[in-house]
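Undergrad: File follows, target.cif with mmCIF, C-alpha atoms and all ligand atoms:
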```cif
data_query
loop_
_atom_site.label_atom_id
_atom_site.label_comp_id
_atom_site.auth_asym_id
_atom_site.auth_seq_id
_atom_site.Cartn_x
_atom_site.Cartn_y
_atom_site.Cartn_z
CA MET W 1 51.09 135.32 83.58
CA LYS W 2 51.54 132.21 81.44
CA LYS W 3 52.11 128.96 83.32
CA ALA W 4 54.01 126.02 81.88
CA LEU W 5 54.31 122.46 83.15
CA ILE W 6 57.40 120.52 82.03
CA THR W 7 57.81 116.78 82.43
CA GLY W 8 61.51 115.85 82.20
CA ILE W 9 62.60 119.25 83.58
CA THR W 10 65.74 117.66 85.09
CA GLY W 11 66.92 116.40 81.67
CA GLN W 12 69.00 118.17 79.03
CA ASP W 13 66.07 119.72 77.13
CA GLY W 14 63.95 120.38 80.22
CA SER W 15 66.69 122.49 81.75
CA TYR W 16 67.18 124.67 78.65
CA LEU W 17 63.42 124.99 78.16
CA ALA W 18 62.94 126.06 81.79
CA GLU W 19 65.58 128.78 81.26
CA LEU W 20 63.90 129.97 78.07
CA LEU W 21 60.42 130.12 79.63
CA LEU W 22 61.63 131.87 82.79
CA ASP W 23 63.32 134.48 80.56
CA LYS W 24 60.00 134.97 78.79
CA GLY W 25 58.28 135.67 82.11
CA TYR W 26 56.48 132.34 82.55
CA GLU W 27 55.78 130.67 85.86
CA VAL W 28 57.45 127.29 85.36
CA HIS W 29 56.36 124.06 87.04
CA GLY W 30 58.39 120.89 86.68
CA ILE W 31 57.81 117.27 87.57
CA VAL W 32 60.76 115.59 89.28
CA ARG W 33 61.18 111.97 90.27
CA ARG W 34 62.05 111.04 93.80
CA SER W 35 65.59 109.71 93.82
CA SER W 36 67.96 108.64 96.60
CA SER W 37 70.56 111.07 95.26
CA PHE W 38 69.99 114.56 93.85
CA ASN W 39 68.95 114.56 90.19
CA THR W 40 68.54 118.33 89.76
CA ASP W 41 72.12 119.35 88.79
CA ARG W 42 71.00 120.85 85.47
CA ILE W 43 68.42 123.16 87.05
CA ASP W 44 70.01 124.00 90.41
CA HIS W 45 71.11 127.41 89.07
CA LEU W 46 67.44 128.24 88.35
CA TYR W 47 66.04 127.11 91.67
CA LYS W 48 65.04 129.43 94.52
CA ASP W 49 63.69 128.30 97.85
CA ARG W 50 59.91 128.79 98.05
CA HIS W 51 60.35 130.99 101.10
CA GLU W 52 62.30 133.60 99.10
CA SER W 53 60.50 136.32 97.18
CA GLY W 54 60.03 136.34 93.39
CA VAL W 55 60.00 132.54 93.03
CA LYS W 56 59.00 131.61 89.44
CA MET W 57 59.98 127.94 89.25
CA PHE W 58 58.21 125.23 91.24
CA LEU W 59 59.13 121.56 91.39
CA HIS W 60 56.61 118.79 92.15
CA TYR W 61 57.22 115.12 92.78
CA GLY W 62 55.62 112.94 90.16
CA ASP W 63 56.05 110.27 87.55
CA LEU W 64 54.66 109.53 84.11
CA THR W 65 53.66 106.08 85.36
CA ASP W 66 51.27 107.58 87.95
CA SER W 67 47.96 108.85 86.50
CA SER W 68 46.45 110.10 89.74
CA ASN W 69 49.55 112.21 90.36
CA LEU W 70 49.37 113.69 86.84
CA ASN W 71 45.65 114.44 87.16
CA ARG W 72 46.17 116.10 90.52
CA LEU W 73 49.07 118.25 89.30
CA ILE W 74 47.25 119.47 86.19
CA GLU W 75 44.14 120.25 88.23
CA LYS W 76 46.21 122.15 90.81
CA ILE W 77 48.58 124.03 88.48
CA HIS W 78 46.18 124.79 85.59
CA PRO W 79 49.09 125.18 83.14
CA SER W 80 48.45 127.03 79.88
CA GLU W 81 51.20 124.97 78.21
CA ILE W 82 52.43 121.43 78.89
CA TYR W 83 55.74 120.18 77.48
CA ASN W 84 56.04 116.39 77.67
CA LEU W 85 59.80 115.82 77.63
CA GLY W 86 59.93 113.08 80.28
CA ALA W 87 61.03 109.71 78.93
CA GLN W 88 63.31 106.72 79.26
CA SER W 89 65.24 108.31 76.41
CA HIS W 90 68.17 105.94 75.83
CA VAL W 91 67.74 103.79 72.72
CA GLN W 92 70.16 101.02 73.73
CA VAL W 93 68.77 100.88 77.28
CA SER W 94 65.27 100.41 75.82
CA PHE W 95 66.34 96.94 74.59
CA GLU W 96 67.10 96.08 78.25
CA VAL W 97 63.92 97.62 79.74
CA PRO W 98 61.37 97.50 76.88
CA GLU W 99 58.28 97.22 79.08
CA TYR W 100 59.24 100.13 81.33
CA THR W 101 60.12 102.20 78.26
CA ALA W 102 56.63 101.57 76.83
CA GLU W 103 55.05 102.36 80.21
CA VAL W 104 56.74 105.79 80.41
CA ASP W 105 57.21 106.86 76.79
CA ALA W 106 53.98 105.50 75.27
CA THR W 107 51.39 105.07 78.04
CA GLY W 108 52.86 108.00 79.98
CA THR W 109 51.95 110.29 77.08
CA LEU W 110 48.43 108.89 77.00
CA ARG W 111 48.10 109.46 80.76
CA LEU W 112 49.00 113.13 80.37
CA LEU W 113 46.64 113.68 77.44
CA ASP W 114 43.86 111.98 79.32
CA ALA W 115 44.55 114.12 82.38
CA ILE W 116 44.05 117.22 80.22
CA ARG W 117 40.80 115.79 78.84
CA GLU W 118 39.48 114.63 82.21
CA THR W 119 40.26 117.84 84.07
CA GLY W 120 39.05 120.05 81.21
CA VAL W 121 42.04 122.37 81.76
CA GLU W 122 42.70 124.44 78.63
CA SER W 123 46.30 123.58 77.97
CA ARG W 124 48.41 123.47 74.85
CA PHE W 125 50.51 120.30 74.58
CA TYR W 126 53.98 119.65 73.16
CA GLN W 127 55.14 116.07 72.59
CA ALA W 128 58.84 115.20 72.34
CA SER W 129 58.71 113.03 69.24
CA THR W 130 61.87 111.86 67.57
CA SER W 131 63.76 111.12 64.37
CA GLU W 132 64.08 107.55 65.73
CA LEU W 133 60.56 107.08 64.32
CA TYR W 134 62.14 106.94 60.84
CA GLY W 135 64.53 104.17 61.94
CA LYS W 136 65.24 102.14 58.82
CA VAL W 137 64.83 105.16 56.61
CA GLN W 138 62.39 105.02 53.72
CA GLU W 139 63.42 108.35 52.18
CA VAL W 140 66.41 110.76 52.39
CA PRO W 141 66.16 113.43 53.74
CA GLN W 142 63.27 112.79 56.12
CA THR W 143 60.31 115.18 56.29
CA GLU W 144 56.92 115.23 58.06
CA THR W 145 55.54 112.90 55.33
CA THR W 146 58.30 110.25 55.36
CA PRO W 147 56.89 106.87 56.53
CA PHE W 148 58.01 105.58 59.95
CA TYR W 149 59.96 102.34 60.51
CA PRO W 150 60.99 102.26 64.20
CA ARG W 151 63.97 100.04 65.10
CA SER W 152 63.97 99.85 68.93
CA PRO W 153 61.51 99.47 71.81
CA TYR W 154 62.14 103.19 72.46
CA ALA W 155 61.19 104.16 68.91
CA VAL W 156 58.13 101.88 68.91
CA ALA W 157 56.93 103.45 72.18
CA LYS W 158 57.50 106.94 70.76
CA GLN W 159 55.50 105.94 67.67
CA TYR W 160 52.51 105.17 69.89
CA ALA W 161 52.98 108.54 71.58
CA PHE W 162 53.15 110.34 68.22
CA TRP W 163 49.87 108.83 67.04
CA ILE W 164 47.98 109.21 70.32
CA VAL W 165 48.85 112.92 70.27
CA LYS W 166 47.51 113.19 66.74
CA ASN W 167 44.46 111.13 67.68
CA TYR W 168 43.59 113.31 70.69
CA ARG W 169 44.05 116.40 68.53
CA GLU W 170 41.63 115.05 65.93
CA SER W 171 39.18 113.44 68.38
CA TYR W 172 38.92 116.10 71.07
CA GLY W 173 40.31 119.23 69.43
CA LEU W 174 43.29 119.44 71.80
CA HIS W 175 45.98 121.94 70.84
CA ALA W 176 48.60 119.17 70.72
CA SER W 177 51.71 119.13 68.52
CA ASN W 178 54.56 116.71 67.81
CA GLY W 179 58.09 118.04 67.41
CA ILE W 180 59.99 115.39 65.41
CA LEU W 181 63.37 116.39 66.73
CA PHE W 182 66.60 114.96 65.35
CA ASN W 183 69.54 114.40 67.73
CA HIS W 184 70.41 117.53 69.66
CA GLU W 185 73.27 117.89 72.06
CA SER W 186 75.00 120.27 74.45
CA PRO W 187 77.40 120.25 77.40
CA ARG W 188 74.32 119.16 79.43
CA ARG W 189 73.78 116.02 77.32
CA GLY W 190 73.51 112.78 79.31
CA GLU W 191 76.93 111.19 79.69
CA THR W 192 76.06 107.88 77.99
CA PHE W 193 74.86 109.39 74.70
CA VAL W 194 77.53 109.13 72.04
CA THR W 195 78.50 112.81 71.62
CA ARG W 196 78.94 113.50 75.32
CA LYS W 197 80.67 110.17 75.87
CA ILE W 198 83.18 111.22 73.21
CA THR W 199 83.75 114.80 74.40
CA MET W 200 84.14 113.72 78.05
CA ALA W 201 86.70 111.09 77.05
CA VAL W 202 88.57 113.49 74.77
CA ALA W 203 88.77 116.10 77.54
CA ARG W 204 90.01 113.48 80.02
CA ILE W 205 92.49 111.90 77.57
CA SER W 206 93.90 115.36 76.74
CA ARG W 207 94.52 115.91 80.48
CA GLY W 208 96.07 112.46 80.99
CA LEU W 209 93.13 111.29 83.16
CA GLN W 210 91.99 108.46 80.84
CA SER W 211 93.83 106.43 78.21
CA CYS W 212 91.18 105.06 75.86
CA LEU W 213 87.62 105.56 74.59
CA TYR W 214 85.53 102.40 73.90
CA MET W 215 82.92 102.69 71.13
CA GLY W 216 80.18 100.81 69.27
CA ASN W 217 79.18 101.45 65.63
CA ILE W 218 81.23 104.50 64.62
CA ASN W 219 79.90 104.46 61.06
CA ALA W 220 76.36 105.48 62.10
CA LEU W 221 75.28 108.79 60.57
CA ARG W 222 73.34 111.40 62.53
CA ASP W 223 71.95 114.91 62.03
CA TRP W 224 73.25 116.61 65.20
CA GLY W 225 71.99 120.03 66.35
CA TYR W 226 72.32 122.21 69.44
CA ALA W 227 69.74 121.70 72.23
CA PRO W 228 69.13 125.42 73.05
CA ASP W 229 68.11 125.98 69.39
CA TYR W 230 65.68 123.07 69.57
CA VAL W 231 63.87 124.11 72.76
CA GLN W 232 63.21 127.46 71.09
CA MET W 233 61.25 125.57 68.43
CA MET W 234 59.24 123.69 71.10
CA TRP W 235 58.01 127.02 72.41
CA MET W 236 57.35 128.43 68.93
CA MET W 237 55.17 125.43 68.09
CA LEU W 238 52.84 126.15 71.00
CA GLN W 239 52.48 129.85 70.10
CA GLN W 240 50.70 129.08 66.82
CA ASP W 241 46.91 129.25 66.52
CA THR W 242 46.75 125.80 64.96
CA PRO W 243 48.61 122.76 66.29
CA ASP W 244 50.80 120.82 63.86
CA ASP W 245 53.78 118.44 63.60
CA TYR W 246 57.27 119.59 62.58
CA VAL W 247 60.67 118.13 61.75
CA VAL W 248 63.45 119.96 63.61
CA ALA W 249 66.94 119.26 62.26
CA THR W 250 70.06 120.88 60.78
CA ASN W 251 69.94 119.11 57.38
CA GLU W 252 73.58 118.01 57.81
CA MET W 253 74.63 114.42 58.43
CA HIS W 254 77.95 113.20 59.88
CA THR W 255 79.34 109.90 61.13
CA VAL W 256 80.21 109.14 64.75
CA ARG W 257 83.76 108.63 63.41
CA GLU W 258 83.85 112.27 62.20
CA PHE W 259 82.63 113.44 65.61
CA ILE W 260 85.51 111.55 67.27
CA GLU W 261 88.08 112.97 64.82
CA LYS W 262 86.84 116.56 65.21
CA SER W 263 86.71 116.41 68.99
CA PHE W 264 90.24 114.98 69.26
CA GLY W 265 91.35 117.51 66.62
CA HIS W 266 90.04 120.33 68.82
CA VAL W 267 92.50 119.36 71.60
CA GLY W 268 95.34 118.95 69.10
CA ILE W 269 95.28 115.14 68.68
CA GLU W 270 95.15 113.76 65.15
CA ILE W 271 93.60 110.29 64.85
CA VAL W 272 94.67 107.60 62.37
CA TRP W 273 92.52 104.48 61.99
CA GLU W 274 93.83 100.90 61.67
CA GLY W 275 92.06 97.54 61.42
CA GLU W 276 88.45 96.71 60.63
CA GLY W 277 85.10 96.15 62.35
CA VAL W 278 85.36 95.41 66.07
CA ASP W 279 89.17 95.18 65.70
CA GLU W 280 89.49 98.73 64.42
CA VAL W 281 91.48 101.13 66.59
CA GLY W 282 92.14 104.87 66.53
CA LYS W 283 95.73 105.94 67.23
CA ASN W 284 97.17 109.26 68.28
CA LYS W 285 99.22 110.03 65.14
CA ALA W 286 101.92 111.87 67.08
CA THR W 287 102.52 109.26 69.83
CA GLY W 288 101.18 106.01 68.32
CA ASP W 289 99.06 105.44 71.46
CA ILE W 290 95.73 103.68 70.94
CA VAL W 291 93.07 106.15 72.12
CA VAL W 292 89.93 104.56 70.57
CA ARG W 293 88.92 100.89 70.63
CA MET W 294 85.69 99.12 69.71
CA ASP W 295 83.64 97.17 72.26
CA GLU W 296 80.87 94.80 71.16
CA ARG W 297 78.78 95.78 74.20
CA TYR W 298 78.01 99.10 72.56
CA TYR W 299 76.60 97.62 69.34
CA ARG W 300 72.80 97.50 69.22
CA PRO W 301 70.58 94.52 68.31
CA CYS W 302 69.02 96.69 65.61
CA GLU W 303 70.75 99.86 64.38
CA VAL W 304 69.53 103.09 62.82
CA ASP W 305 72.22 103.58 60.17
CA GLN W 306 71.49 107.11 59.04
CA LEU W 307 69.25 110.07 59.80
CA LEU W 308 69.03 113.37 57.94
CA GLY W 309 66.18 115.81 58.54
CA ASN W 310 64.78 118.49 56.29
CA PRO W 311 63.34 121.28 58.49
CA VAL W 312 61.89 123.29 55.58
CA LYS W 313 58.37 123.37 57.10
CA ALA W 314 59.71 124.76 60.40
CA LYS W 315 61.59 127.42 58.47
CA LYS W 316 58.70 128.38 56.19
CA GLN W 317 55.87 128.38 58.73
CA LEU W 318 57.66 129.45 61.92
CA GLY W 319 60.85 131.09 60.66
CA TRP W 320 62.96 128.64 62.70
CA GLU W 321 66.56 127.97 61.74
CA PRO W 322 69.41 126.29 63.64
CA THR W 323 72.18 128.68 64.76
CA VAL W 324 74.79 126.00 65.53
CA LYS W 325 75.91 123.24 63.19
CA PHE W 326 78.24 120.24 63.47
CA GLU W 327 81.74 121.79 63.71
CA GLU W 328 80.66 124.48 66.18
CA LEU W 329 78.72 121.93 68.23
CA VAL W 330 81.77 119.66 68.62
CA LYS W 331 83.79 122.66 69.83
CA ILE W 332 81.11 123.82 72.29
CA MET W 333 80.84 120.32 73.79
CA THR W 334 84.56 119.59 73.96
CA ASP W 335 85.25 123.00 75.54
CA GLY W 336 82.33 122.37 77.90
CA ASP W 337 83.89 119.15 79.16
CA LEU W 338 87.26 120.81 79.62
CA LYS W 339 85.51 123.49 81.73
CA ILE W 340 83.64 120.84 83.73
CA LEU W 341 86.98 119.13 84.50
CA ASP W 342 88.07 122.51 85.88
CA GLY W 343 85.05 122.40 88.21
CA ALA W 344 82.61 124.70 86.36
CA PRO W 345 78.97 124.09 87.39
CA TYR W 346 76.07 124.35 84.93
CA SER W 347 75.04 127.97 84.58
CA LYS W 348 72.79 129.99 82.35
CA GLY W 349 73.51 129.17 78.70
CA PHE W 350 76.18 126.58 79.54
P1 LIG W 401 67.06 113.20 79.08
O1 LIG W 401 67.28 111.73 79.15
O2 LIG W 401 68.19 114.13 79.32
O3 LIG W 401 65.90 113.59 80.12
C1 LIG W 401 64.78 112.77 80.32
C2 LIG W 401 63.93 113.35 81.42
O4 LIG W 401 62.80 112.48 81.63
C3 LIG W 401 64.65 113.47 82.78
O5 LIG W 401 64.22 114.63 83.42
C4 LIG W 401 64.14 112.23 83.51
O6 LIG W 401 64.19 112.36 84.92
C5 LIG W 401 62.69 112.22 83.02
N1 LIG W 401 62.03 110.94 83.24
C6 LIG W 401 62.50 109.69 82.97
N2 LIG W 401 61.60 108.77 83.35
C7 LIG W 401 60.54 109.43 83.85
C8 LIG W 401 59.31 109.03 84.44
N3 LIG W 401 59.00 107.74 84.59
N4 LIG W 401 58.45 109.99 84.86
C9 LIG W 401 58.77 111.30 84.75
N5 LIG W 401 59.93 111.75 84.23
C10 LIG W 401 60.80 110.81 83.78
O7 LIG W 401 66.38 113.48 77.66
P2 LIG W 401 66.52 114.78 76.71
O8 LIG W 401 66.40 116.00 77.51
O9 LIG W 401 67.68 114.57 75.82
O10 LIG W 401 65.23 114.59 75.79
C11 LIG W 401 63.97 115.13 76.18
C12 LIG W 401 62.87 114.38 75.43
O11 LIG W 401 63.04 114.51 74.04
C13 LIG W 401 62.81 112.89 75.71
O12 LIG W 401 61.45 112.52 75.68
C14 LIG W 401 63.54 112.27 74.54
O13 LIG W 401 63.09 110.96 74.30
C15 LIG W 401 63.14 113.22 73.43
N6 LIG W 401 64.07 113.40 72.33
C16 LIG W 401 65.37 113.73 72.59
C17 LIG W 401 66.22 113.99 71.55
C18 LIG W 401 67.65 114.36 71.80
O14 LIG W 401 68.44 114.29 70.83
N7 LIG W 401 68.02 114.81 72.98
C19 LIG W 401 65.77 113.92 70.14
C20 LIG W 401 64.36 113.61 70.01
C21 LIG W 401 63.56 113.36 71.07
P3 LIG W 401 65.53 111.98 85.76
O15 LIG W 401 66.44 113.17 85.63
O16 LIG W 401 65.00 111.75 87.11
O17 LIG W 401 66.10 110.75 85.11
P1 LIG W 402 70.50 107.89 69.51
O1 LIG W 402 71.73 108.55 70.30
O2 LIG W 402 70.45 106.42 69.67
O3 LIG W 402 70.57 108.44 68.12
O4 LIG W 402 69.26 108.49 70.32
P2 LIG W 402 73.10 107.96 70.85
O5 LIG W 402 73.95 109.13 71.07
O6 LIG W 402 72.89 107.01 71.97
O7 LIG W 402 73.66 107.11 69.60
C1 LIG W 402 73.94 107.69 68.33
C2 LIG W 402 74.64 106.68 67.44
O8 LIG W 402 75.95 106.43 67.97
C3 LIG W 402 76.19 105.03 67.92
N1 LIG W 402 77.22 104.67 68.92
C4 LIG W 402 77.10 104.77 70.25
N2 LIG W 402 76.08 105.26 71.02
C5 LIG W 402 76.26 105.27 72.36
N3 LIG W 402 75.30 105.79 73.14
N4 LIG W 402 77.40 104.81 72.96
C6 LIG W 402 78.44 104.31 72.22
O9 LIG W 402 79.46 103.88 72.76
C7 LIG W 402 78.28 104.29 70.81
N5 LIG W 402 79.09 103.91 69.78
C8 LIG W 402 78.44 104.15 68.65
C9 LIG W 402 74.83 104.41 68.20
O10 LIG W 402 74.82 103.04 67.80
C10 LIG W 402 73.94 105.32 67.36
O11 LIG W 402 73.95 104.89 66.02
C11 LIG W 402 69.24 109.84 70.75
C12 LIG W 402 68.42 109.93 72.05
O12 LIG W 402 68.53 111.22 72.57
C13 LIG W 402 66.96 109.65 71.76
O13 LIG W 402 66.18 109.91 72.94
C14 LIG W 402 66.47 110.56 70.64
O14 LIG W 402 65.12 110.27 70.33
C15 LIG W 402 67.35 110.37 69.41
O15 LIG W 402 68.69 110.67 69.75
C16 LIG W 402 66.93 111.30 68.27
#
```
Could you write out this structure as structure tokens?
TA:
Amino acid sequence: MKKALITGITGQDGSYLAELLLDKGYEVHGIVRRSSSFNTDRIDHLYKDRHESGVKMFLHYGDLTDSSNLNRLIEKIHPSEIYNLGAQSHVQVSFEVPEYTAEVDATGTLRLLDAIRETGVESRFYQASTSELYGKVQEVPQTETTPFYPRSPYAVAKQYAFWIVKNYRESYGLHASNGILFNHESPRRGETFVTRKITMAVARISRGLQSCLYMGNINALRDWGYAPDYVQMMWMMLQQDTPDDYVVATNEMHTVREFIEKSFGHVGIEIVWEGEGVDEVGKNKATGDIVVRMDERYYRPCEVDQLLGNPVKAKKQLGWEPTVKFEELVKIMTDGDLKILDGAPYSKGF
């Protein structure tokens, strides 16, 4: 039986990947951080008590800042595949906690790679690299050969991780690959990322539970895909004989403004915009109520204005293609937040 170790199993991607691997018959091990409140909401539906029979998912306390813990876990579990999804993953937060972000996202990756090397465990390695590496874009669309220009402490830390993965592959022959994933979302997306922040607010505004949504730069352009599609590609990358790096994207780019309009449109509210810059507001066309305002707190010291990925290599070499694109994604997420307001818990596929 194949054994996988996932760092970041409690996050959006970790939870979908755990589902996928369990469906494929893997024994899944995940690293969770000790927290004073439960942080396992996204994987509770997959969890069985160890005393029951047929348990296939095991959780271990750990942290990417703790090398001895990582060494011990790899030695004990002997995973055939390791997916390094754990990270301080919020770009804006990385400007507030740059040193911690580097500790986890950059040095944490090195710690894991070194644990594989030190223990001699034969394990394939997936690294959660990111379109944020392109930052101030040097070429449109971005491919595996587009030069990097990171624009945040998060992106700079992820650049170190990208190169140390490549370096360990070339130096020690590790089967280690970088997935350069563009933004991918779902109803399980963290609540402070822009898409989820919008769909939660739209759901609440449509039910009369909230009056206004406060936003930063709504003119930013992103290539947004669907998280379950993207974790499929993580797995596919580790099934190849030869490790390699791949762009994973939809090849469609939309503004945050369009996301807001589509999500409100889905609940029957048409938005009209008035004003400019931080004074711009979005009004409900039917009632005249202001439902979107700008707030300077959400603007970043350094912005990534646009990202558009070309996943042609993933398609050609691995036959990967996204199944969900922008319009469908906005519907899935807005409907998801309406269901969550009705008390639906996370479940398989949702
Ligand atoms: P999330 O923020 O949803 O999840 C991050 C995970 O990392 C959580 O499980 C979190 O644990 C864990 N984590 C945070 N700090 C540590 C630490 N010090 N030690 C161990 N684990 C830690 O991220 P996503 O699921 O969205 O993304 C997964 C990975 O992919 C991340 O590395 C992210 O940077 C990267 N990425 C994401 C993209 C996206 O669009 N979603 C695009 C490209 C890359 P806890 O639950 O306890 O906080
Ligand atoms: P990003 O995602 O920074 O691309 O990183 P996020 O959803 O945070 O921002 C996308 C764009 O929206 C603009 N924006 C706002 N963002 C947030 N969070 N909140 C707001 O109120 C707001 N208003 C406008 C941002 O300025 C930005 O331009 C995500 C993370 O998942 C990373 O871990 C991952 O590597 C990249 O995607 C690819």
Undergrad: What box, with edges along x, y and z, holds each listed atom of ligand LIG 402 (chain W) when 5 Å is added on every side, and can you state its centre and edge lengths in Å to one decimal, as AutoDock Vina command-line options?
TA:
```
--center_x 72.3 --center_y 107.2 --center_z 69.6 --size_x 24.3 --size_y 18.3 --size_z 17.1
```
Undergrad: Let me make sure I understand: among W:Thr109, W:Phe326, W:Val231, W:Ser129, which one has the smallest atom-to-atom distance to Ser15 (chain W) if we use all atoms listed in the file?
TA: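 Nearest candidate to Ser15 (chain W) out of W:Thr109, W:Phe326, W:Val231, W:Ser129: W:Val231.
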Undergrad: For a test of reading the model, state the distance in Å between CA of Asn284 (chain W) and CA of Ala344 (chain W), rounded to one decimal.
TA: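 Value for the CA of Asn284 (chain W)-CA of Ala344 (chain W) distance: 27.9 Å.
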Undergrad: When you count only C-alpha atoms, which of these residues is closest to Pro153 (chain W): W:Asp23, W:Asp245, W:Glu303, W:Asp335?
TA: W:Glu303
Undergrad: Which residue out of W:Ser171, W:Asn84, W:Ser36, W:Gln138 has the minimum interatomic distance to ligand LIG 401 (chain W) when all atoms listed in the file are used?
TA: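 Of W:Ser171, W:Asn84, W:Ser36, W:Gln138, the one nearest ligand LIG 401 (chain W), counting all atoms listed in the file, is W:Asn84.
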Undergrad: Using only C-alpha atoms and all ligand atoms, what table do you get, as CSV, when you list each residue of chain W with an atom no more than 7 Å from ligand LIG 401 (chain W), its nearest pair of atoms, and their distance in Å rounded to one decimal, rows by chain then rising number?
TA:
```
residue,atom,partner,partner_atom,distance
W:Thr7,CA,W:LIG401,N5,5.7
W:Gly8,CA,W:LIG401,O5,3.2
W:Ile9,CA,W:LIG401,O5,4.9
W:Thr10,CA,W:LIG401,O5,3.8
W:Gly11,CA,W:LIG401,O3,3.4
W:Gln12,CA,W:LIG401,O8,3.7
W:Asp13,CA,W:LIG401,O8,3.8
W:Gly14,CA,W:LIG401,O8,5.7
W:Ile31,CA,W:LIG401,C9,6.7
W:Val32,CA,W:LIG401,O16,6.1
W:Arg33,CA,W:LIG401,O16,5.0
W:Asn39,CA,W:LIG401,O15,5.4
W:Thr40,CA,W:LIG401,O15,6.9
W:Gly62,CA,W:LIG401,C9,6.5
W:Asp63,CA,W:LIG401,N4,3.6
W:Leu64,CA,W:LIG401,N4,3.9
W:Thr65,CA,W:LIG401,N3,5.6
W:Asn84,CA,W:LIG401,O12,6.9
W:Leu85,CA,W:LIG401,C12,4.0
W:Gly86,CA,W:LIG401,O4,3.2
W:Ala87,CA,W:LIG401,O4,4.3
W:Gln88,CA,W:LIG401,C6,4.8
W:Ser89,CA,W:LIG401,O13,4.0
W:His90,CA,W:LIG401,O1,6.7
W:Val104,CA,W:LIG401,N3,5.1
W:Ala128,CA,W:LIG401,O11,4.6
W:Ser129,CA,W:LIG401,C21,5.2
W:Thr130,CA,W:LIG401,C20,3.9
W:Ser131,CA,W:LIG401,C20,6.2
W:Ile180,CA,W:LIG401,C20,6.6
W:Leu181,CA,W:LIG401,C20,4.4
W:Phe182,CA,W:LIG401,C19,5.0
W:Asn183,CA,W:LIG401,O14,3.3
W:His184,CA,W:LIG401,O14,4.0
W:Glu185,CA,W:LIG401,O14,6.1
W:Arg189,CA,W:LIG401,O2,6.2
W:Gly190,CA,W:LIG401,O2,5.5
```
Undergrad: Export C-alpha atoms of the chosen residues as a PDB file, in the coordinates of the input?
TA:
```pdb
ATOM      1  CA  THR W   7      57.810 116.780  82.430  1.00  0.00           C
ATOM      2  CA  GLY W   8      61.510 115.850  82.200  1.00  0.00           C
ATOM      3  CA  ILE W   9      62.600 119.250  83.580  1.00  0.00           C
ATOM      4  CA  THR W  10      65.740 117.660  85.090  1.00  0.00           C
ATOM      5  CA  GLY W  11      66.920 116.400  81.670  1.00  0.00           C
ATOM      6  CA  GLN W  12      69.000 118.170  79.030  1.00  0.00           C
ATOM      7  CA  ASP W  13      66.070 119.720  77.130  1.00  0.00           C
ATOM      8  CA  GLY W  14      63.950 120.380  80.220  1.00  0.00           C
ATOM      9  CA  ILE W  31      57.810 117.270  87.570  1.00  0.00           C
ATOM     10  CA  VAL W  32      60.760 115.590  89.280  1.00  0.00           C
ATOM     11  CA  ARG W  33      61.180 111.970  90.270  1.00  0.00           C
ATOM     12  CA  ASN W  39      68.950 114.560  90.190  1.00  0.00           C
ATOM     13  CA  THR W  40      68.540 118.330  89.760  1.00  0.00           C
ATOM     14  CA  GLY W  62      55.620 112.940  90.160  1.00  0.00           C
ATOM     15  CA  ASP W  63      56.050 110.270  87.550  1.00  0.00           C
ATOM     16  CA  LEU W  64      54.660 109.530  84.110  1.00  0.00           C
ATOM     17  CA  THR W  65      53.660 106.080  85.360  1.00  0.00           C
ATOM     18  CA  ASN W  84      56.040 116.390  77.670  1.00  0.00           C
ATOM     19  CA  LEU W  85      59.800 115.820  77.630  1.00  0.00           C
ATOM     20  CA  GLY W  86      59.930 113.080  80.280  1.00  0.00           C
ATOM     21  CA  ALA W  87      61.030 109.710  78.930  1.00  0.00           C
ATOM     22  CA  GLN W  88      63.310 106.720  79.260  1.00  0.00           C
ATOM     23  CA  SER W  89      65.240 108.310  76.410  1.00  0.00           C
ATOM     24  CA  HIS W  90      68.170 105.940  75.830  1.00  0.00           C
ATOM     25  CA  VAL W 104      56.740 105.790  80.410  1.00  0.00           C
ATOM     26  CA  ALA W 128      58.840 115.200  72.340  1.00  0.00           C
ATOM     27  CA  SER W 129      58.710 113.030  69.240  1.00  0.00           C
ATOM     28  CA  THR W 130      61.870 111.860  67.570  1.00  0.00           C
ATOM     29  CA  SER W 131      63.760 111.120  64.370  1.00  0.00           C
ATOM     30  CA  ILE W 180      59.990 115.390  65.410  1.00  0.00           C
ATOM     31  CA  LEU W 181      63.370 116.390  66.730  1.00  0.00           C
ATOM     32  CA  PHE W 182      66.600 114.960  65.350  1.00  0.00           C
ATOM     33  CA  ASN W 183      69.540 114.400  67.730  1.00  0.00           C
ATOM     34  CA  HIS W 184      70.410 117.530  69.660  1.00  0.00           C
ATOM     35  CA  GLU W 185      73.270 117.890  72.060  1.00  0.00           C
ATOM     36  CA  ARG W 189      73.780 116.020  77.320  1.00  0.00           C
ATOM     37  CA  GLY W 190      73.510 112.780  79.310  1.00  0.00           C
TER      38      GLY W 190
END
```
Undergrad: For Met1 (chain W), find every residue with an atom within 12 Å (counting all atoms listed in the file), except residues of its own chain fewer than 6 positions away, and show them as a list in words.
TA: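 The residues satisfying every condition are Leu21, Leu22, Lys24, Gly25, Tyr26, Glu27, Val28, Lys56, His78, Pro79, Ser80 and Glu81 of chain W.
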Undergrad: Can you measure CA of Asp105 (chain W) to atom O14 of ligand LIG 402 (chain W) for me? One decimal in Å is fine.
TA: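 Here the two named atoms are 10.8 Å from each other.
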